[in-house]
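Heads up, protein-v1.txt below (compact mmCIF, C-alpha atoms):
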# COMPACT_ATOMS: atom_id res chain seq x y z
CA MET L 18 149.68 14.65 -71.11
CA SER L 19 147.50 17.78 -70.93
CA LEU L 20 146.07 18.61 -74.33
CA VAL L 21 144.08 21.54 -72.94
CA GLU L 22 144.69 23.50 -69.77
CA LEU L 23 142.73 26.39 -68.29
CA ARG L 24 144.47 28.64 -65.78
CA ASP L 25 142.31 30.90 -63.62
CA VAL L 26 139.87 31.51 -66.49
CA SER L 27 136.98 33.95 -66.03
CA LYS L 28 134.28 35.20 -68.39
CA THR L 29 132.09 38.26 -67.91
CA TYR L 30 129.54 39.08 -70.60
CA PRO L 31 129.01 42.75 -71.54
CA GLY L 32 126.46 44.36 -69.25
CA ALA L 33 126.37 41.43 -66.84
CA PRO L 34 126.69 42.36 -63.16
CA THR L 35 128.62 39.21 -62.24
CA PRO L 36 130.97 36.83 -64.08
CA ALA L 37 129.43 33.80 -65.79
CA LEU L 38 132.66 31.97 -64.97
CA SER L 39 135.20 32.93 -62.34
CA GLY L 40 138.68 31.56 -61.64
CA VAL L 41 138.34 28.13 -63.22
CA SER L 42 141.47 25.98 -63.62
CA MET L 43 141.48 22.50 -65.12
CA SER L 44 143.53 20.11 -67.24
CA VAL L 45 142.16 17.89 -69.99
CA ASN L 46 144.41 14.89 -70.56
CA ALA L 47 144.73 12.49 -73.48
CA GLY L 48 143.05 9.16 -72.84
CA GLU L 49 141.06 10.46 -69.88
CA VAL L 50 137.53 11.60 -69.14
CA THR L 51 137.29 14.96 -67.41
CA CYS L 52 133.82 15.36 -65.91
CA VAL L 53 132.42 18.85 -65.42
CA LEU L 54 129.41 18.82 -63.13
CA GLY L 55 126.92 21.48 -62.12
CA ASP L 56 123.26 22.38 -62.11
CA ASN L 57 121.62 24.94 -64.40
CA GLY L 58 123.40 28.28 -64.13
CA ALA L 59 126.61 26.72 -62.86
CA GLY L 60 128.66 28.00 -65.80
CA LYS L 61 128.90 24.78 -67.81
CA SER L 62 127.67 26.36 -71.06
CA THR L 63 130.15 29.22 -70.76
CA LEU L 64 132.95 26.74 -70.15
CA ILE L 65 131.92 24.80 -73.26
CA GLY L 66 131.91 28.06 -75.22
CA ILE L 67 135.47 28.89 -74.15
CA LEU L 68 136.83 25.41 -74.86
CA SER L 69 135.09 25.23 -78.25
CA GLY L 70 136.08 28.68 -79.51
CA LEU L 71 132.66 30.30 -79.21
CA HIS L 72 133.80 32.69 -76.46
CA ARG L 73 137.12 34.14 -75.40
CA PRO L 74 137.89 34.34 -71.69
CA THR L 75 137.85 37.78 -70.11
CA GLU L 76 140.70 36.80 -67.82
CA GLY L 77 143.06 33.86 -67.48
CA THR L 78 144.85 31.65 -69.96
CA MET L 79 144.00 28.66 -72.11
CA LEU L 80 146.84 26.43 -73.28
CA ILE L 81 146.74 23.89 -76.10
CA ASP L 82 149.63 21.42 -76.08
CA ALA L 83 151.26 23.62 -73.40
CA ALA L 84 151.21 26.73 -75.62
CA PRO L 85 148.91 29.72 -74.98
CA ALA L 86 145.99 29.72 -77.39
CA ALA L 87 142.89 31.76 -78.18
CA PHE L 88 140.42 30.53 -80.77
CA ALA L 89 138.78 33.09 -83.04
CA SER L 90 135.90 30.76 -83.84
CA PRO L 91 134.55 27.24 -83.32
CA ARG L 92 136.05 26.33 -86.70
CA ALA L 93 139.49 27.28 -85.41
CA ALA L 94 138.95 25.03 -82.39
CA LEU L 95 137.82 22.21 -84.66
CA GLU L 96 140.92 22.62 -86.81
CA ALA L 97 142.96 22.22 -83.62
CA GLY L 98 141.19 18.91 -82.98
CA ILE L 99 138.59 20.10 -80.45
CA ALA L 100 135.14 18.81 -81.38
CA THR L 101 131.88 19.46 -79.55
CA VAL L 102 128.76 17.28 -79.59
CA HIS L 103 125.90 19.48 -78.42
CA GLN L 104 122.59 18.41 -76.90
CA ASN L 105 120.90 19.47 -80.12
CA LEU L 106 122.71 17.06 -82.40
CA SER L 107 123.87 18.26 -85.81
CA VAL L 108 122.06 15.57 -87.74
CA VAL L 109 119.56 15.60 -90.60
CA GLY L 110 116.68 13.38 -89.55
CA GLU L 111 115.55 12.40 -93.05
CA MET L 112 119.04 11.31 -94.11
CA SER L 113 120.42 7.83 -93.53
CA VAL L 114 122.83 6.98 -90.75
CA TRP L 115 125.77 6.77 -93.15
CA ARG L 116 124.91 10.08 -94.85
CA ASN L 117 124.86 11.75 -91.44
CA PHE L 118 128.14 10.08 -90.51
CA TYR L 119 129.75 11.76 -93.53
CA LEU L 120 127.72 14.97 -93.39
CA GLY L 121 129.82 17.84 -94.73
CA ARG L 122 132.77 15.62 -95.68
CA GLU L 123 131.25 13.35 -98.31
CA ASP L 124 133.50 10.95 -100.20
CA THR L 125 133.03 11.71 -103.89
CA GLY L 126 134.42 10.28 -107.09
CA PRO L 127 134.58 11.55 -110.66
CA TRP L 128 131.92 14.14 -111.54
CA GLY L 129 131.12 14.58 -107.87
CA LEU L 130 129.27 11.29 -107.50
CA LEU L 131 128.99 9.94 -103.97
CA ARG L 132 130.97 6.80 -103.20
CA ALA L 133 127.98 5.41 -101.34
CA SER L 134 129.18 1.82 -100.92
CA ARG L 135 132.52 2.95 -99.51
CA MET L 136 130.86 5.35 -97.06
CA ARG L 137 128.38 2.69 -95.91
CA GLU L 138 131.14 0.21 -95.18
CA GLU L 139 133.35 2.78 -93.49
CA THR L 140 130.44 3.87 -91.30
CA ARG L 141 129.80 0.27 -90.23
CA ARG L 142 133.49 -0.31 -89.56
CA ALA L 143 134.01 2.91 -87.61
CA LEU L 144 130.97 2.26 -85.44
CA ALA L 145 132.00 -1.36 -84.82
CA GLU L 146 135.51 -0.30 -83.76
CA LEU L 147 133.91 1.71 -80.97
CA GLY L 148 131.59 -1.11 -79.98
CA VAL L 149 128.50 0.47 -81.56
CA THR L 150 126.01 -1.75 -83.33
CA ILE L 151 123.51 -0.17 -85.73
CA ALA L 152 121.62 -2.92 -87.54
CA ASP L 153 121.02 -0.93 -90.73
CA VAL L 154 122.99 2.21 -91.60
CA ASP L 155 120.61 2.90 -94.51
CA VAL L 156 117.67 3.82 -92.26
CA PRO L 157 116.90 7.49 -91.57
CA ILE L 158 118.73 8.57 -88.45
CA SER L 159 115.42 9.91 -87.10
CA SER L 160 114.26 6.28 -86.76
CA LEU L 161 116.99 5.55 -84.19
CA SER L 162 116.59 5.98 -80.46
CA GLY L 163 117.95 9.08 -78.77
CA GLY L 164 120.86 7.08 -77.40
CA GLN L 165 121.70 5.66 -80.81
CA ARG L 166 121.68 9.13 -82.38
CA GLN L 167 124.01 10.32 -79.64
CA VAL L 168 126.49 7.50 -80.19
CA VAL L 169 126.48 8.07 -83.96
CA ALA L 170 127.28 11.77 -83.40
CA ILE L 171 130.03 10.94 -80.90
CA ALA L 172 131.51 8.21 -83.11
CA ARG L 173 131.47 10.63 -86.06
CA ALA L 174 133.55 13.14 -84.10
CA VAL L 175 136.06 10.47 -83.07
CA HIS L 176 136.28 9.19 -86.65
CA CYS L 177 136.95 12.74 -87.87
CA GLY L 178 140.08 12.79 -85.73
CA ALA L 179 138.98 14.71 -82.64
CA ARG L 180 141.78 14.89 -80.07
CA VAL L 181 139.53 16.59 -77.54
CA LEU L 182 135.84 15.67 -77.47
CA ILE L 183 133.42 17.91 -75.57
CA LEU L 184 130.10 16.23 -74.79
CA ASP L 185 127.33 18.58 -73.71
CA GLU L 186 125.06 16.61 -71.36
CA PRO L 187 124.79 13.63 -73.73
CA THR L 188 122.72 11.54 -71.29
CA ALA L 189 120.39 14.31 -70.07
CA ALA L 190 117.29 13.13 -71.94
CA LEU L 191 118.04 9.39 -72.01
CA GLY L 192 116.79 6.43 -70.02
CA VAL L 193 119.00 4.02 -68.11
CA ARG L 194 119.76 1.65 -71.00
CA GLN L 195 120.45 4.37 -73.55
CA SER L 196 122.57 6.29 -71.05
CA GLY L 197 124.63 3.15 -70.53
CA MET L 198 125.19 2.94 -74.29
CA VAL L 199 126.54 6.49 -74.35
CA LEU L 200 128.73 5.95 -71.28
CA ASP L 201 130.20 2.82 -72.88
CA LEU L 202 131.17 4.91 -75.90
CA VAL L 203 132.69 7.63 -73.71
CA GLU L 204 134.95 4.99 -72.18
CA ALA L 205 135.78 3.55 -75.61
CA ALA L 206 136.78 6.98 -76.93
CA ALA L 207 139.09 7.53 -73.96
CA ARG L 208 140.71 4.13 -74.52
CA ARG L 209 141.58 5.31 -78.03
CA GLY L 210 143.49 8.23 -76.55
CA VAL L 211 140.83 10.90 -76.99
CA ALA L 212 140.60 13.50 -74.22
CA VAL L 213 136.91 13.58 -73.31
CA VAL L 214 135.24 16.50 -71.52
CA PHE L 215 131.97 15.09 -70.19
CA ILE L 216 129.53 17.83 -69.16
CA THR L 217 126.77 16.53 -66.89
CA HIS L 218 124.52 17.23 -63.95
CA ASN L 219 124.40 13.52 -63.09
CA PRO L 220 127.06 12.59 -60.52
CA ARG L 221 126.40 8.86 -60.95
CA HIS L 222 127.26 9.03 -64.64
CA ALA L 223 130.34 11.12 -63.86
CA GLU L 224 131.48 8.72 -61.15
CA ARG L 225 131.25 5.79 -63.56
CA VAL L 226 133.43 7.19 -66.35
CA GLY L 227 135.46 10.04 -64.84
CA ASP L 228 139.21 10.18 -64.30
CA SER L 229 139.01 13.72 -62.95
CA PHE L 230 136.16 15.93 -61.76
CA VAL L 231 135.40 19.64 -61.73
CA VAL L 232 132.26 20.86 -59.97
CA LEU L 233 130.93 24.32 -60.82
CA GLY L 234 128.39 26.39 -58.94
CA LEU L 235 127.20 29.87 -59.89
CA GLY L 236 130.20 30.22 -62.17
CA ARG L 237 132.75 29.30 -59.54
CA GLN L 238 134.90 26.20 -59.21
CA ILE L 239 133.70 24.38 -56.10
CA LEU L 240 135.74 21.21 -56.42
CA ALA L 241 138.58 19.83 -58.55
CA CYS L 242 139.93 16.35 -57.87
CA ARG L 243 141.01 13.02 -59.31
CA ARG L 244 139.29 9.65 -59.17
CA GLY L 245 140.00 8.06 -55.82
CA GLU L 246 140.05 11.43 -54.09
CA VAL L 247 136.28 11.84 -53.96
CA SER L 248 133.23 9.64 -53.39
CA LEU L 249 129.89 9.71 -55.17
CA ASP L 250 128.32 11.22 -52.06
CA GLU L 251 130.95 13.96 -51.96
CA LEU L 252 130.37 14.79 -55.64
CA THR L 253 126.64 15.00 -55.01
CA LEU L 254 127.10 17.22 -51.96
CA ALA L 255 129.52 19.49 -53.82
CA MET L 256 126.92 19.99 -56.55
CA ALA L 257 124.40 20.92 -53.87
CA GLY L 258 126.84 23.45 -52.43
CA GLU L 259 127.38 21.44 -49.28
CA GLY L 260 130.78 19.88 -50.00
CA ALA L 261 134.38 20.89 -50.45
Starting from the coordinates I provided, produce the structure as structure tokens.
Amino acid sequence: MSLVELRDVSKTYPGAPTPALSGVSMSVNAGEVTCVLGDNGAGKSTLIGILSGLHRPTEGTMLIDAAPAAFASPRAALEAGIATVHQNLSVVGEMSVWRNFYLGREDTGPWGLLRASRMREETRRALAELGVTIADVDVPISSLSGGQRQVVAIARAVHCGARVLILDEPTAALGVRQSGMVLDLVEAAARRGVAVVFITHNPRHAERVGDSFVVLGLGRQILACRRGEVSLDELTLAMAGEGA
């Protein structure tokens, strides 16, 4: 089932000579990973902005649950169940893992006191359900590796009830092992029925987790296909402007 659908969506910023995004169509389905690939300047950031409510398309239509929709703000998108995990993670380095997991939605009791024990245990449980192991959720999140911080941020979004999860190049600055940790979590989120939009410039990572693929180049849609319809080499060539 398509939770989000874009139909011939374009975006031109005021004063810009050319569109940042032109004629993009895609479907984002529950329980699947939709990979959006492209190099710098391909239009990935603009696409994220449209999906997350930061920008409105200049042309075309966005549908949510098959009904036309236009978000006035990122908060409106979040209220509709569309969460975005950006490259610059929204975490507070000096705070513990569990405090970051509940950041902005703290569980409080009488007189506003934090229910710390409950939040610690819920953080451990929620992470474990997604196959994430953090030895000590009391340590500052800044002490974790980049991959661990990414998985905490992703798991937090899933735990908050995201139906659509947009991941902005989550493996861009990670090594092989940490990237694998993030990709494992992407697959786990999809198994739980979340529709994942995985933004990346790495075709190998996309090929591992993707159910469908959209390749952008200079704001235009170069390729749109399903798993089994394209090879890793073809994805790579499409990104280089030599395929499709």
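The shortest atom-to-atom distance to Arg243 (chain L), with all atoms listed in the file taken into account, belongs to L:Val231 out of L:Val231, L:Leu54, L:Val211, L:Ile216.
Taking only C-alpha atoms into account, Leu202 (chain L) lies nearest to L:Glu146 out of the set L:Glu224, L:Glu146, L:Glu123, L:Asp250.
Shortest atom-to-atom contact with Glu22 (chain L) among L:Leu38, L:Ala84, L:Leu233, L:Leu240: L:Ala84, counting all atoms listed in the file.
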**Request:** Could you tell me which of L:Thr35, L:Ser159, L:Thr75, L:Ser44 comes closest to Val114 (chain L) if we count only C-alpha atoms?
**Result:** L:Ser159
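Ranking L:Leu200, L:Leu130, L:Ala86, L:Val226 by their shortest atom-to-atom distance to Val149 (chain L), with all atoms listed in the file included, puts L:Leu200 first.
For the atom pair formed by CA of Leu23 (chain L) and CA of Thr78 (chain L), the distance is 5.9 Å, given to one decimal.
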